[in-house]
$ cat query28.csv   # CSV, C-alpha atoms and all ligand atoms
chain,number,residue,atom,x,y,z
L,764,MET,CA,112.3,100.4,124.1
L,765,ASP,CA,108.8,100.9,125.7
L,766,ILE,CA,106.1,101.9,123.2
L,767,LEU,CA,102.8,103.3,124.3
L,768,VAL,CA,100.1,102.3,121.8
L,769,THR,CA,96.7,104.0,122.2
L,770,GLY,CA,93.7,102.1,120.8
L,771,GLY,CA,95.7,98.8,120.8
L,772,ALA,CA,92.6,96.7,121.3
L,773,GLY,CA,91.1,98.0,118.1
L,774,PHE,CA,91.5,96.7,114.6
L,775,ILE,CA,94.7,98.4,113.3
L,776,GLY,CA,96.1,99.0,116.8
L,777,SER,CA,95.9,95.3,117.8
L,778,ASN,CA,97.5,94.3,114.5
L,779,PHE,CA,100.3,96.8,115.1
L,780,VAL,CA,100.8,95.4,118.6
L,781,HIS,CA,101.1,91.8,117.2
L,782,TYR,CA,103.5,93.2,114.6
L,783,LEU,CA,105.7,94.8,117.3
L,784,VAL,CA,105.8,91.7,119.4
L,785,ASN,CA,106.6,89.5,116.4
L,786,THR,CA,109.2,91.6,114.7
L,787,THR,CA,110.9,93.8,117.4
L,788,ASP,CA,112.2,93.5,121.0
L,789,ALA,CA,110.0,96.4,122.2
L,790,HIS,CA,107.8,96.2,125.3
L,791,VAL,CA,104.3,97.5,124.5
L,792,THR,CA,101.9,99.3,126.8
L,793,VAL,CA,98.4,99.6,125.4
L,794,LEU,CA,96.0,102.3,126.6
L,795,ASP,CA,92.4,101.5,125.4
L,796,ALA,CA,89.0,102.5,126.6
L,797,LEU,CA,87.4,99.2,125.4
L,798,THR,CA,84.6,101.0,123.7
L,799,TYR,CA,82.2,98.9,121.5
L,800,ALA,CA,85.1,98.8,119.0
L,801,GLY,CA,87.8,97.6,121.4
L,802,ASN,CA,88.2,93.9,122.2
L,803,ARG,CA,90.7,92.5,124.7
L,804,GLU,CA,90.6,89.2,122.8
L,805,SER,CA,92.4,90.8,119.9
L,806,LEU,CA,95.5,90.8,122.0
L,807,ALA,CA,95.2,87.2,123.2
L,808,GLY,CA,98.3,85.1,123.1
L,809,ILE,CA,100.8,87.9,123.6
L,810,PRO,CA,103.3,87.0,126.4
L,811,GLY,CA,102.8,89.0,129.7
L,812,ASN,CA,106.4,90.2,129.7
L,813,ARG,CA,105.9,91.9,126.3
L,814,LEU,CA,102.5,93.7,127.0
L,815,THR,CA,101.0,95.8,129.7
L,816,PHE,CA,97.3,96.5,129.1
L,817,VAL,CA,95.8,99.6,130.7
L,818,HIS,CA,92.0,100.2,130.6
L,819,GLY,CA,91.4,103.9,130.4
L,820,THR,CA,90.6,106.8,128.1
L,821,ILE,CA,93.0,109.1,126.3
L,822,THR,CA,90.9,112.1,127.5
L,823,ASP,CA,92.1,111.4,131.1
L,824,ALA,CA,95.2,113.6,131.5
L,825,GLU,CA,96.2,111.8,134.7
L,826,VAL,CA,96.5,108.3,133.2
L,827,VAL,CA,97.9,109.7,129.9
L,828,ASN,CA,100.6,111.7,131.8
L,829,ARG,CA,101.6,108.7,133.8
L,830,LEU,CA,101.9,106.3,130.9
L,831,VAL,CA,103.7,108.8,128.6
L,832,GLU,CA,106.3,109.4,131.3
L,833,GLY,CA,107.2,105.7,131.2
L,834,ALA,CA,107.3,105.5,127.4
L,835,ASP,CA,110.1,106.0,124.8
L,836,ALA,CA,107.6,106.6,122.1
L,837,VAL,CA,103.8,107.0,121.6
L,838,VAL,CA,101.9,105.6,118.6
L,839,HIS,CA,98.4,107.1,118.7
L,840,PHE,CA,95.7,104.9,117.0
L,841,ALA,CA,92.8,105.4,119.4
L,842,ALA,CA,89.8,107.0,117.7
L,843,GLU,CA,86.1,106.8,117.1
L,844,SER,CA,86.6,105.5,113.6
L,845,HIS,CA,83.3,104.8,111.8
L,846,ASN,CA,81.7,107.3,109.4
L,847,ASP,CA,78.2,106.0,109.8
L,848,ASN,CA,78.4,106.3,113.6
L,849,SER,CA,79.6,109.9,113.2
L,850,LEU,CA,76.6,110.7,111.2
L,851,ALA,CA,74.3,109.3,113.8
L,852,ASN,CA,76.1,110.7,116.9
L,853,PRO,CA,79.1,113.0,116.4
L,854,ARG,CA,79.8,113.9,120.0
L,855,PRO,CA,82.2,110.9,120.9
L,856,PHE,CA,84.2,111.8,117.8
L,857,VAL,CA,84.8,115.3,119.1
L,858,ASP,CA,85.8,114.0,122.6
L,859,THR,CA,88.1,111.2,121.6
L,860,ASN,CA,89.6,112.4,118.3
L,861,LEU,CA,90.1,116.1,119.3
L,862,ILE,CA,90.3,116.3,123.1
L,863,GLY,CA,92.0,112.9,123.3
L,864,THR,CA,94.7,113.9,120.8
L,865,TYR,CA,95.1,117.3,122.6
L,866,THR,CA,95.6,115.4,125.9
L,867,LEU,CA,98.3,113.2,124.4
L,868,LEU,CA,100.0,116.2,122.7
L,869,GLU,CA,100.3,118.0,126.0
L,870,ALA,CA,101.8,115.0,127.6
L,871,VAL,CA,104.5,114.4,124.9
L,872,ARG,CA,105.2,118.1,124.8
L,873,ARG,CA,106.0,118.1,128.6
L,874,THR,CA,108.1,115.0,128.4
L,875,ASP,CA,109.7,115.5,125.0
L,876,THR,CA,108.5,112.0,123.9
L,877,ARG,CA,108.6,110.8,120.3
L,878,TYR,CA,105.1,110.8,119.0
L,879,HIS,CA,103.5,109.2,115.9
L,880,HIS,CA,100.0,110.2,114.9
L,881,ILE,CA,97.8,107.8,112.9
L,882,SER,CA,95.4,109.4,110.5
L,883,THR,CA,93.4,108.7,107.4
L,884,ASP,CA,93.2,109.7,103.7
L,885,GLU,CA,89.7,110.9,104.4
L,886,VAL,CA,91.1,114.2,105.7
L,887,TYR,CA,91.6,115.1,102.0
L,888,GLY,CA,87.9,114.7,101.1
L,889,ASP,CA,87.2,112.8,97.9
L,890,LEU,CA,88.1,112.6,94.2
L,891,ASP,CA,85.8,112.3,91.3
L,892,LEU,CA,85.4,108.8,89.8
L,893,ASP,CA,86.8,109.9,86.5
L,894,ASP,CA,89.6,112.1,88.0
L,895,PRO,CA,93.0,110.3,87.4
L,896,SER,CA,94.8,112.2,90.2
L,897,ARG,CA,95.6,110.8,93.7
L,898,PHE,CA,96.1,112.3,97.1
L,899,SER,CA,99.6,113.4,98.0
L,900,GLU,CA,101.1,115.1,101.1
L,901,ALA,CA,100.4,118.5,99.3
L,902,THR,CA,96.6,117.9,98.8
L,903,PRO,CA,94.6,120.5,100.8
L,904,TYR,CA,92.4,119.2,103.6
L,905,ASN,CA,88.7,119.0,102.8
L,906,PRO,CA,87.0,116.5,105.1
L,907,SER,CA,83.3,115.5,104.4
L,908,SER,CA,82.0,113.7,107.5
L,909,PRO,CA,82.1,114.4,111.3
L,910,TYR,CA,84.6,111.5,111.5
L,911,SER,CA,86.9,112.9,108.9
L,912,ALA,CA,86.5,116.5,110.2
L,913,THR,CA,87.6,115.4,113.7
L,914,LYS,CA,90.6,113.5,112.2
L,915,ALA,CA,91.6,116.5,110.1
L,916,GLY,CA,91.3,118.7,113.3
L,917,SER,CA,93.5,116.3,115.2
L,918,ASP,CA,96.1,116.3,112.4
L,919,LEU,CA,96.2,120.1,112.5
L,920,LEU,CA,96.6,120.0,116.3
L,921,VAL,CA,99.7,117.8,115.8
L,922,ARG,CA,101.1,120.1,113.1
L,923,ALA,CA,100.7,123.1,115.5
L,924,TRP,CA,102.3,121.3,118.4
L,925,ILE,CA,105.2,120.3,116.2
L,926,ARG,CA,105.7,123.8,114.9
L,927,SER,CA,105.0,125.8,118.1
L,928,PHE,CA,106.3,123.5,120.8
L,929,GLU,CA,108.9,121.5,118.9
L,930,VAL,CA,107.1,118.2,119.6
L,931,ARG,CA,109.1,115.4,118.0
L,932,GLY,CA,106.1,114.2,115.9
L,933,THR,CA,105.3,112.5,112.6
L,934,ILE,CA,101.9,111.9,110.9
L,935,SER,CA,100.7,109.2,108.6
L,936,ASN,CA,97.5,109.2,106.5
L,937,CYS,CA,96.6,105.7,105.4
L,938,SER,CA,94.0,104.4,103.0
L,939,ASN,CA,91.3,101.8,103.8
L,940,ASN,CA,92.7,98.8,105.8
L,941,TYR,CA,91.5,95.2,105.6
L,942,GLY,CA,92.5,92.1,107.5
L,943,PRO,CA,91.9,90.2,110.8
L,944,TYR,CA,90.3,91.8,113.9
L,945,GLN,CA,88.3,94.5,112.0
L,946,HIS,CA,85.0,95.4,113.6
L,947,ILE,CA,82.1,93.9,111.7
L,948,GLU,CA,80.5,97.3,111.3
L,949,LYS,CA,83.0,98.0,108.5
L,950,PHE,CA,82.4,97.2,104.8
L,951,ILE,CA,84.4,94.0,104.2
L,952,PRO,CA,83.8,92.2,107.5
L,953,ARG,CA,80.2,93.2,107.5
L,954,GLN,CA,79.7,91.5,104.1
L,955,ILE,CA,81.7,88.4,105.1
L,956,THR,CA,79.9,87.9,108.4
L,957,ASN,CA,76.5,88.5,106.7
L,958,ILE,CA,77.2,85.7,104.3
L,959,LEU,CA,78.4,83.5,107.2
L,960,ALA,CA,75.3,84.3,109.2
L,961,GLY,CA,72.9,83.6,106.3
L,962,LEU,CA,72.1,87.3,105.6
L,963,ARG,CA,72.4,89.1,102.3
L,964,PRO,CA,75.3,91.6,101.9
L,965,LYS,CA,74.4,95.3,101.7
L,966,LEU,CA,75.8,97.7,99.2
L,967,TYR,CA,75.3,101.4,99.6
L,968,GLY,CA,73.7,103.0,96.5
L,969,ALA,CA,75.1,101.7,93.2
L,970,GLY,CA,78.4,100.7,94.7
L,971,ALA,CA,80.5,102.7,92.2
L,972,ASN,CA,82.4,104.4,95.1
L,973,VAL,CA,86.1,103.5,95.0
L,974,ARG,CA,88.3,102.8,98.0
L,975,ASP,CA,92.1,102.2,98.0
L,976,TRP,CA,92.7,98.9,100.0
L,977,ILE,CA,95.8,98.1,102.0
L,978,HIS,CA,96.4,95.0,104.2
L,979,THR,CA,96.7,96.1,107.8
L,980,GLU,CA,100.1,94.3,108.1
L,981,ASP,CA,101.4,96.6,105.4
L,982,HIS,CA,100.1,99.6,107.4
L,983,SER,CA,102.0,98.3,110.5
L,984,SER,CA,105.3,97.9,108.6
L,985,ALA,CA,104.8,101.4,107.2
L,986,VAL,CA,104.2,102.9,110.7
L,987,TRP,CA,107.2,101.1,112.1
L,988,THR,CA,109.3,102.5,109.2
L,989,ILE,CA,108.2,106.0,109.9
L,990,LEU,CA,108.6,105.7,113.7
L,991,THR,CA,112.2,104.5,113.3
L,992,THR,CA,113.4,106.3,110.2
L,993,GLY,CA,110.9,109.1,109.4
L,994,ARG,CA,111.9,112.8,109.5
L,995,ILE,CA,110.5,114.7,112.5
L,996,GLY,CA,107.7,117.1,111.5
L,997,GLU,CA,106.9,115.2,108.3
L,998,THR,CA,103.6,113.7,107.0
L,999,TYR,CA,103.7,110.5,105.0
L,1000,LEU,CA,100.9,109.0,103.0
L,1001,ILE,CA,100.5,105.2,103.2
L,1002,GLY,CA,98.9,103.2,100.4
L,1003,ALA,CA,99.4,100.1,98.4
L,1004,ASP,CA,97.8,100.9,95.0
L,1005,GLY,CA,94.7,98.9,95.8
L,1006,GLU,CA,91.9,100.9,94.2
L,1007,MET,CA,88.6,99.0,93.7
L,1008,SER,CA,84.9,99.9,93.5
L,1009,ASN,CA,82.7,98.7,96.4
L,1010,ARG,CA,80.7,96.6,93.9
L,1011,ASP,CA,83.8,94.8,92.7
L,1012,VAL,CA,85.0,94.2,96.2
L,1013,LEU,CA,81.6,92.7,97.1
L,1014,THR,CA,81.4,90.5,94.0
L,1015,THR,CA,84.9,89.2,94.7
L,1016,ILE,CA,83.9,88.3,98.3
L,1017,LEU,CA,80.7,86.6,97.0
L,1018,THR,CA,82.6,84.6,94.5
L,1019,LEU,CA,85.3,83.6,97.0
L,1020,MET,CA,82.6,82.4,99.3
L,1021,GLY,CA,80.8,80.3,96.7
L,1022,GLN,CA,77.8,82.6,96.2
L,1023,GLU,CA,76.3,84.1,93.1
L,1024,PRO,CA,78.0,87.4,92.3
L,1025,ASP,CA,74.6,89.3,92.4
L,1026,ALA,CA,73.4,87.8,95.7
L,1027,PHE,CA,73.3,91.1,97.5
L,1028,ASP,CA,70.9,94.0,98.3
L,1029,HIS,CA,71.3,97.7,97.3
L,1030,VAL,CA,70.5,99.8,100.4
L,1031,THR,CA,70.2,103.5,101.3
L,1032,ASP,CA,73.3,105.4,100.4
L,1033,ARG,CA,75.5,107.1,103.1
L,1034,PRO,CA,74.7,110.8,103.3
L,1035,GLY,CA,77.6,112.8,101.9
L,1036,HIS,CA,79.2,109.6,100.7
L,1037,ASP,CA,82.8,110.2,99.5
L,1038,LEU,CA,83.2,109.0,95.9
L,1039,ARG,CA,86.8,108.0,95.6
L,1040,TYR,CA,90.0,107.8,97.7
L,1041,ALA,CA,93.4,107.1,96.1
L,1042,ILE,CA,96.8,107.4,97.6
L,1043,ASP,CA,100.2,108.4,96.1
L,1044,SER,CA,102.7,106.9,98.5
L,1045,THR,CA,105.8,107.9,96.5
L,1046,LYS,CA,107.3,109.9,99.4
L,1047,LEU,CA,107.2,107.0,101.8
L,1048,ARG,CA,108.6,104.6,99.2
L,1049,THR,CA,111.4,106.7,97.9
L,1050,GLU,CA,112.5,108.5,101.1
L,1051,LEU,CA,112.2,105.6,103.5
L,1052,GLY,CA,112.3,102.6,101.2
L,1053,TRP,CA,109.0,101.1,102.3
L,1054,THR,CA,107.1,98.7,100.0
L,1055,PRO,CA,103.9,96.7,100.7
L,1056,GLU,CA,104.1,92.9,100.9
L,1057,TYR,CA,100.4,92.1,100.2
L,1058,ARG,CA,100.0,92.8,96.4
L,1059,ASP,CA,97.4,90.2,95.6
L,1060,PHE,CA,94.1,91.6,96.9
L,1061,PRO,CA,91.9,88.6,96.2
L,1062,ALA,CA,94.4,86.4,98.1
L,1063,GLY,CA,94.4,88.8,101.0
L,1064,LEU,CA,90.6,88.8,101.0
L,1065,ALA,CA,90.5,85.0,100.9
L,1066,ALA,CA,92.7,84.8,104.0
L,1067,THR,CA,90.5,87.4,105.7
L,1068,ILE,CA,87.4,85.4,104.9
L,1069,ASP,CA,89.1,82.3,106.4
L,1070,TRP,CA,90.0,84.3,109.5
L,1071,TYR,CA,86.3,85.4,110.1
L,1072,ARG,CA,85.1,81.8,109.4
L,1073,ALA,CA,87.6,80.4,112.0
L,1074,ASN,CA,86.9,83.2,114.6
L,1075,GLU,CA,83.2,83.4,114.8
L,1076,VAL,CA,83.5,83.5,118.6
L,1077,TRP,CA,85.4,86.8,118.2
L,1078,TRP,CA,82.6,88.5,116.2
L,1079,ARG,CA,79.3,86.7,116.9
L,1080,ALA,CA,78.3,88.7,120.0
L,1081,ALA,CA,78.4,92.0,118.1
L,1082,LYS,CA,76.4,91.0,115.0
L,1083,ALA,CA,72.8,91.5,116.2
L,1084,ALA,CA,73.5,95.1,117.6
L,1085,THR,CA,75.5,96.0,114.5
L,1086,GLU,CA,72.7,95.0,112.1
L,1087,ALA,CA,70.0,96.6,114.3
L,1088,PHE,CA,71.9,99.9,114.0
L,1089,TYR,CA,72.1,99.6,110.2
L,1090,ALA,CA,68.4,98.5,109.9
L,1091,SER,CA,67.3,101.6,111.8
L,1092,ARG,CA,69.1,103.7,109.1
L,1093,GLY,CA,67.7,101.7,106.1
L,1094,GLN,CA,71.2,100.3,105.5
X,1101,LIG,P1,88.8,100.8,115.7
X,1101,LIG,O1,87.5,101.5,115.8
X,1101,LIG,O2,88.8,99.4,115.2
X,1101,LIG,O3,89.6,100.9,117.0
X,1101,LIG,C1,89.6,102.0,117.8
X,1101,LIG,C2,90.2,101.6,119.2
X,1101,LIG,O4,90.3,102.8,120.0
X,1101,LIG,C3,89.3,100.7,120.0
X,1101,LIG,O5,90.0,99.7,120.6
X,1101,LIG,C4,88.6,101.6,121.0
X,1101,LIG,O6,88.3,100.9,122.2
X,1101,LIG,C5,89.7,102.6,121.3
X,1101,LIG,N1,89.3,103.9,121.8
X,1101,LIG,C6,88.2,104.6,121.3
X,1101,LIG,N2,88.1,105.7,122.1
X,1101,LIG,C7,89.1,105.7,123.0
X,1101,LIG,C8,89.4,106.6,124.0
X,1101,LIG,N3,88.8,107.7,124.3
X,1101,LIG,N4,90.5,106.3,124.8
X,1101,LIG,C9,91.2,105.1,124.6
X,1101,LIG,N5,90.9,104.3,123.6
X,1101,LIG,C10,89.8,104.5,122.8
X,1101,LIG,O7,89.6,101.7,114.7
X,1101,LIG,P2,90.7,101.3,113.6
X,1101,LIG,O8,90.0,101.0,112.3
X,1101,LIG,O9,91.6,100.3,114.1
X,1101,LIG,O10,91.4,102.7,113.4
X,1101,LIG,C11,92.6,103.0,114.2
X,1101,LIG,C12,93.2,104.3,113.7
X,1101,LIG,O11,93.5,104.3,112.4
X,1101,LIG,C13,92.2,105.5,113.8
X,1101,LIG,O12,92.9,106.7,114.3
X,1101,LIG,C14,91.7,105.7,112.4
X,1101,LIG,O13,91.3,107.0,112.2
X,1101,LIG,C15,92.9,105.3,111.6
X,1101,LIG,N6,92.7,104.8,110.3
X,1101,LIG,C16,91.8,103.8,110.1
X,1101,LIG,C17,91.7,103.2,108.8
X,1101,LIG,C18,90.8,102.0,108.5
X,1101,LIG,O14,90.7,101.6,107.3
X,1101,LIG,N7,90.2,101.4,109.5
X,1101,LIG,C19,92.4,103.8,107.7
X,1101,LIG,C20,93.3,104.9,108.0
X,1101,LIG,C21,93.4,105.4,109.3
X,1102,LIG,O1,77.5,97.9,104.6
X,1102,LIG,C1,78.2,98.7,104.0
X,1102,LIG,N1,78.0,98.8,102.6
X,1102,LIG,C2,78.7,99.7,101.9
X,1102,LIG,O2,78.5,99.8,100.6
X,1102,LIG,C3,79.2,99.5,104.6
X,1102,LIG,C4,79.5,99.4,106.1
X,1102,LIG,C5,80.0,100.3,103.8
X,1102,LIG,N2,79.7,100.5,102.5
X,1102,LIG,C6,80.6,101.3,101.7
X,1102,LIG,C7,80.9,102.7,102.2
X,1102,LIG,C8,82.3,103.0,101.7
X,1102,LIG,O3,82.2,103.5,100.4
X,1102,LIG,O4,81.9,100.7,101.7
X,1102,LIG,C9,83.0,101.6,101.7
X,1102,LIG,C10,83.8,101.4,102.9
X,1102,LIG,O5,83.1,101.7,104.0
X,1102,LIG,P1,83.7,101.6,105.5
X,1102,LIG,O6,84.2,100.3,105.8
X,1102,LIG,O7,82.7,102.2,106.5
X,1102,LIG,O8,85.0,102.6,105.4
X,1102,LIG,P2,85.2,104.1,105.0
X,1102,LIG,O9,84.0,104.9,105.2
X,1102,LIG,O10,85.8,104.2,103.6
X,1102,LIG,O11,86.3,104.5,106.1
X,1102,LIG,C11,87.3,103.6,106.4
X,1102,LIG,O12,88.5,104.0,105.8
X,1102,LIG,C12,89.1,105.2,106.2
X,1102,LIG,C13,87.5,103.5,107.9
X,1102,LIG,O13,86.3,103.1,108.5
X,1102,LIG,C14,88.0,104.8,108.5
X,1102,LIG,O14,88.3,104.7,109.8
X,1102,LIG,C15,89.3,105.2,107.7
X,1102,LIG,O15,89.7,106.5,108.1

$ encode --input "query28.csv" --output "structure tokens" --more "lines below"
Ligand code: NAD
Ligand code: TDX
Amino acid sequence: MDILVTGGAGFIGSNFVHYLVNTTDAHVTVLDALTYAGNRESLAGIPGNRLTFVHGTITDAEVVNRLVEGADAVVHFAAESHNDNSLANPRPFVDTNLIGTYTLLEAVRRTDTRYHHISTDEVYGDLDLDDPSRFSEATPYNPSSPYSATKAGSDLLVRAWIRSFEVRGTISNCSNNYGPYQHIEKFIPRQITNILAGLRPKLYGAGANVRDWIHTEDHSSAVWTILTTGRIGETYLIGADGEMSNRDVLTTILTLMGQEPDAFDHVTDRPGHDLRYAIDSTKLRTELGWTPEYRDFPAGLAATIDWYRANEVWWRAAKAATEAFYASRGQ
């Protein structure tokens, strides 16, 4: 089986490629534009007979058509993925998340190739902090940011191509991932690498916002389960019951790293900041029998901290530019 993975040099995509190489016989072709978020080193160590790396963009129909023709299945991770960047400059989000997805859909339509679309719980908007409900497959779309709006648009393109053109597609919407190879612009690795670099962690606003954390390895196993056993045309929500406030995540990191739990700065809040995300993954668990393996969040965080400590060479070069961007926004 040859699987085309878009965005395979990014955080979740590279973890998925390692998962495929470690747990299946599949050959993987990665198509990645190596934007600021892509890192070829995230795929280091994978044997050459298991991986073909192609440097290119998903908006290039010629390269997309050629690679899709040679693939048995496509798993589409490539995206502009950071909310704060989408507030500063939305254009690349429209190009990659909408035009890129359209380009892939036209290719899998023409070749009748199995397609799995990676998306986010952010397409559903947010929940109030005191609302006990969680997102399900039936929750209406209500995105808040340019990032989540373009992800919502790409999901709707997939639904239309499934219904109108009988594309053999599935969609998954996952909650916040953590683990190795995550770009240091994101909340957890930013705080870990701030502490390692002697900088104070930065919490947006009061830090009461809640995210639903899942280890990226559990995201990979869920995607593989859907790709191999999911029902065509269906959407599955992926989550591991990992709700926690940003403030509690940060104080856990500080404690695990031997710092005082209040050794951080409150900074300017994100405009339009979603309050709470929470996933009900009953459908995936009951229909397809998937369960998460990483149930101890502090233990998963401790392992993630160890990874950033041991892999400074992977992240160090990006630190100054990342912090300069945030400083320009008062964050
Ligand atoms: P990331 O930013 O770490 O990686 C994105 C990758 O896509 C990079 O390697 C980048 O070079 C590549 N890319 C960007 N534009 C491209 C283009 N035009 N052509 C080819 N490659 C391109 O993102 P991530 O956090 O790994 O997210 C991966 C996917 O998972 C995205 O679709 C995102 O919406 C989704 N998702 C992420 C999370 C999360 O917590 N990070 C949660 C749910 C869903
Ligand atoms: O320095 C920070 N301080 C802070 O308090 C940063 C970078 C973030 N935050 C807050 C904002 C969010 O409430 O932490 C929370 C998590 O922030 P991000 O890591 O930027 O993630 P989020 O905006 O929740 O989106 C993530 O999950 C859903 C991914 O980046 C998306 O790609 C995914 O779709």

$ atom_distance --input "query28.csv" --atom1 "atom CA of L:Ala1065" --atom2 "atom CA of L:Gly888"
29.8 Å

$ closest_residue --input "query28.csv" --among "L:Trp1077, L:Phe840, L:Phe856, L:Phe1027" --to "ligand LIG 1101 (chain X)" --atoms "only C-alpha atoms and all ligand atoms"
L:Phe840

$ atom_distance --input "query28.csv" --atom1 "atom CA of L:Gly1035" --atom2 "atom CA of L:Leu850"
9.6 Å

$ residues_near_ligand --input "query28.csv" --ligand "ligand LIG 1101 (chain X)" --cutoff "8 Å" --atoms "only C-alpha atoms and all ligand atoms" --output "ChimeraX atom specification"
/L:769-777,794-802,818-822,839-845,855,858-860,863,880-885,914,936-941,944-946

$ write_last_selection --input "query28.csv" --atoms "C-alpha atoms" --output "PDB file, keeping the file's coordinate frame"
ATOM      1  CA  THR L 769      96.700 104.000 122.200  1.00  0.00           C
ATOM      2  CA  GLY L 770      93.700 102.100 120.800  1.00  0.00           C
ATOM      3  CA  GLY L 771      95.700  98.800 120.800  1.00  0.00           C
ATOM      4  CA  ALA L 772      92.600  96.700 121.300  1.00  0.00           C
ATOM      5  CA  GLY L 773      91.100  98.000 118.100  1.00  0.00           C
ATOM      6  CA  PHE L 774      91.500  96.700 114.600  1.00  0.00           C
ATOM      7  CA  ILE L 775      94.700  98.400 113.300  1.00  0.00           C
ATOM      8  CA  GLY L 776      96.100  99.000 116.800  1.00  0.00           C
ATOM      9  CA  SER L 777      95.900  95.300 117.800  1.00  0.00           C
ATOM     10  CA  LEU L 794      96.000 102.300 126.600  1.00  0.00           C
ATOM     11  CA  ASP L 795      92.400 101.500 125.400  1.00  0.00           C
ATOM     12  CA  ALA L 796      89.000 102.500 126.600  1.00  0.00           C
ATOM     13  CA  LEU L 797      87.400  99.200 125.400  1.00  0.00           C
ATOM     14  CA  THR L 798      84.600 101.000 123.700  1.00  0.00           C
ATOM     15  CA  TYR L 799      82.200  98.900 121.500  1.00  0.00           C
ATOM     16  CA  ALA L 800      85.100  98.800 119.000  1.00  0.00           C
ATOM     17  CA  GLY L 801      87.800  97.600 121.400  1.00  0.00           C
ATOM     18  CA  ASN L 802      88.200  93.900 122.200  1.00  0.00           C
ATOM     19  CA  HIS L 818      92.000 100.200 130.600  1.00  0.00           C
ATOM     20  CA  GLY L 819      91.400 103.900 130.400  1.00  0.00           C
ATOM     21  CA  THR L 820      90.600 106.800 128.100  1.00  0.00           C
ATOM     22  CA  ILE L 821      93.000 109.100 126.300  1.00  0.00           C
ATOM     23  CA  THR L 822      90.900 112.100 127.500  1.00  0.00           C
ATOM     24  CA  HIS L 839      98.400 107.100 118.700  1.00  0.00           C
ATOM     25  CA  PHE L 840      95.700 104.900 117.000  1.00  0.00           C
ATOM     26  CA  ALA L 841      92.800 105.400 119.400  1.00  0.00           C
ATOM     27  CA  ALA L 842      89.800 107.000 117.700  1.00  0.00           C
ATOM     28  CA  GLU L 843      86.100 106.800 117.100  1.00  0.00           C
ATOM     29  CA  SER L 844      86.600 105.500 113.600  1.00  0.00           C
ATOM     30  CA  HIS L 845      83.300 104.800 111.800  1.00  0.00           C
ATOM     31  CA  PRO L 855      82.200 110.900 120.900  1.00  0.00           C
ATOM     32  CA  ASP L 858      85.800 114.000 122.600  1.00  0.00           C
ATOM     33  CA  THR L 859      88.100 111.200 121.600  1.00  0.00           C
ATOM     34  CA  ASN L 860      89.600 112.400 118.300  1.00  0.00           C
ATOM     35  CA  GLY L 863      92.000 112.900 123.300  1.00  0.00           C
ATOM     36  CA  HIS L 880     100.000 110.200 114.900  1.00  0.00           C
ATOM     37  CA  ILE L 881      97.800 107.800 112.900  1.00  0.00           C
ATOM     38  CA  SER L 882      95.400 109.400 110.500  1.00  0.00           C
ATOM     39  CA  THR L 883      93.400 108.700 107.400  1.00  0.00           C
ATOM     40  CA  ASP L 884      93.200 109.700 103.700  1.00  0.00           C
ATOM     41  CA  GLU L 885      89.700 110.900 104.400  1.00  0.00           C
ATOM     42  CA  LYS L 914      90.600 113.500 112.200  1.00  0.00           C
ATOM     43  CA  ASN L 936      97.500 109.200 106.500  1.00  0.00           C
ATOM     44  CA  CYS L 937      96.600 105.700 105.400  1.00  0.00           C
ATOM     45  CA  SER L 938      94.000 104.400 103.000  1.00  0.00           C
ATOM     46  CA  ASN L 939      91.300 101.800 103.800  1.00  0.00           C
ATOM     47  CA  ASN L 940      92.700  98.800 105.800  1.00  0.00           C
ATOM     48  CA  TYR L 941      91.500  95.200 105.600  1.00  0.00           C
ATOM     49  CA  TYR L 944      90.300  91.800 113.900  1.00  0.00           C
ATOM     50  CA  GLN L 945      88.300  94.500 112.000  1.00  0.00           C
ATOM     51  CA  HIS L 946      85.000  95.400 113.600  1.00  0.00           C
TER      52      HIS L 946
END

$ atom_distance --input "query28.csv" --atom1 "atom CA of L:Val837" --atom2 "atom CA of L:Gly1052"
22.5 Å

$ residues_around --input "query28.csv" --residues "L:Asp1059" --least-positions-apart "4" --cutoff "10 Å" --atoms "only C-alpha atoms" --output "PyMOL selection string"
chain L and resi 978+1005+1063-1064

$ write_last_selection --input "query28.csv" --atoms "C-alpha atoms" --output "PDB file, in the coordinates of the input"
ATOM      1  CA  HIS L 978      96.400  95.000 104.200  1.00  0.00           C
ATOM      2  CA  GLY L1005      94.700  98.900  95.800  1.00  0.00           C
ATOM      3  CA  GLY L1063      94.400  88.800 101.000  1.00  0.00           C
ATOM      4  CA  LEU L1064      90.600  88.800 101.000  1.00  0.00           C
TER       5      LEU L1064
END

$ closest_residue --input "query28.csv" --among "L:Ile1068, L:Leu830, L:Leu1000, L:Ile955" --to "L:Phe898" --atoms "all atoms listed in the file"
L:Leu1000

$ build_atoms --input "query28.csv" --residues "stretch 847-851 of chain L" --atoms "N, CA and C atoms" --output "compact mmCIF listing (two decimals), in the frame of the given file"
# COMPACT_ATOMS: atom_id res chain seq x y z
N ASP L 847 79.64 106.07 109.59
CA ASP L 847 78.20 106.00 109.80
C ASP L 847 77.81 106.35 111.23
N ASN L 848 78.63 105.93 112.21
CA ASN L 848 78.40 106.30 113.60
C ASN L 848 78.49 107.82 113.78
N SER L 849 79.43 108.43 113.07
CA SER L 849 79.60 109.90 113.20
C SER L 849 78.47 110.66 112.67
N LEU L 850 77.76 110.08 111.71
CA LEU L 850 76.60 110.70 111.20
C LEU L 850 75.40 110.60 112.13
N ALA L 851 75.37 109.49 112.88
CA ALA L 851 74.30 109.30 113.80
C ALA L 851 74.51 110.02 115.14
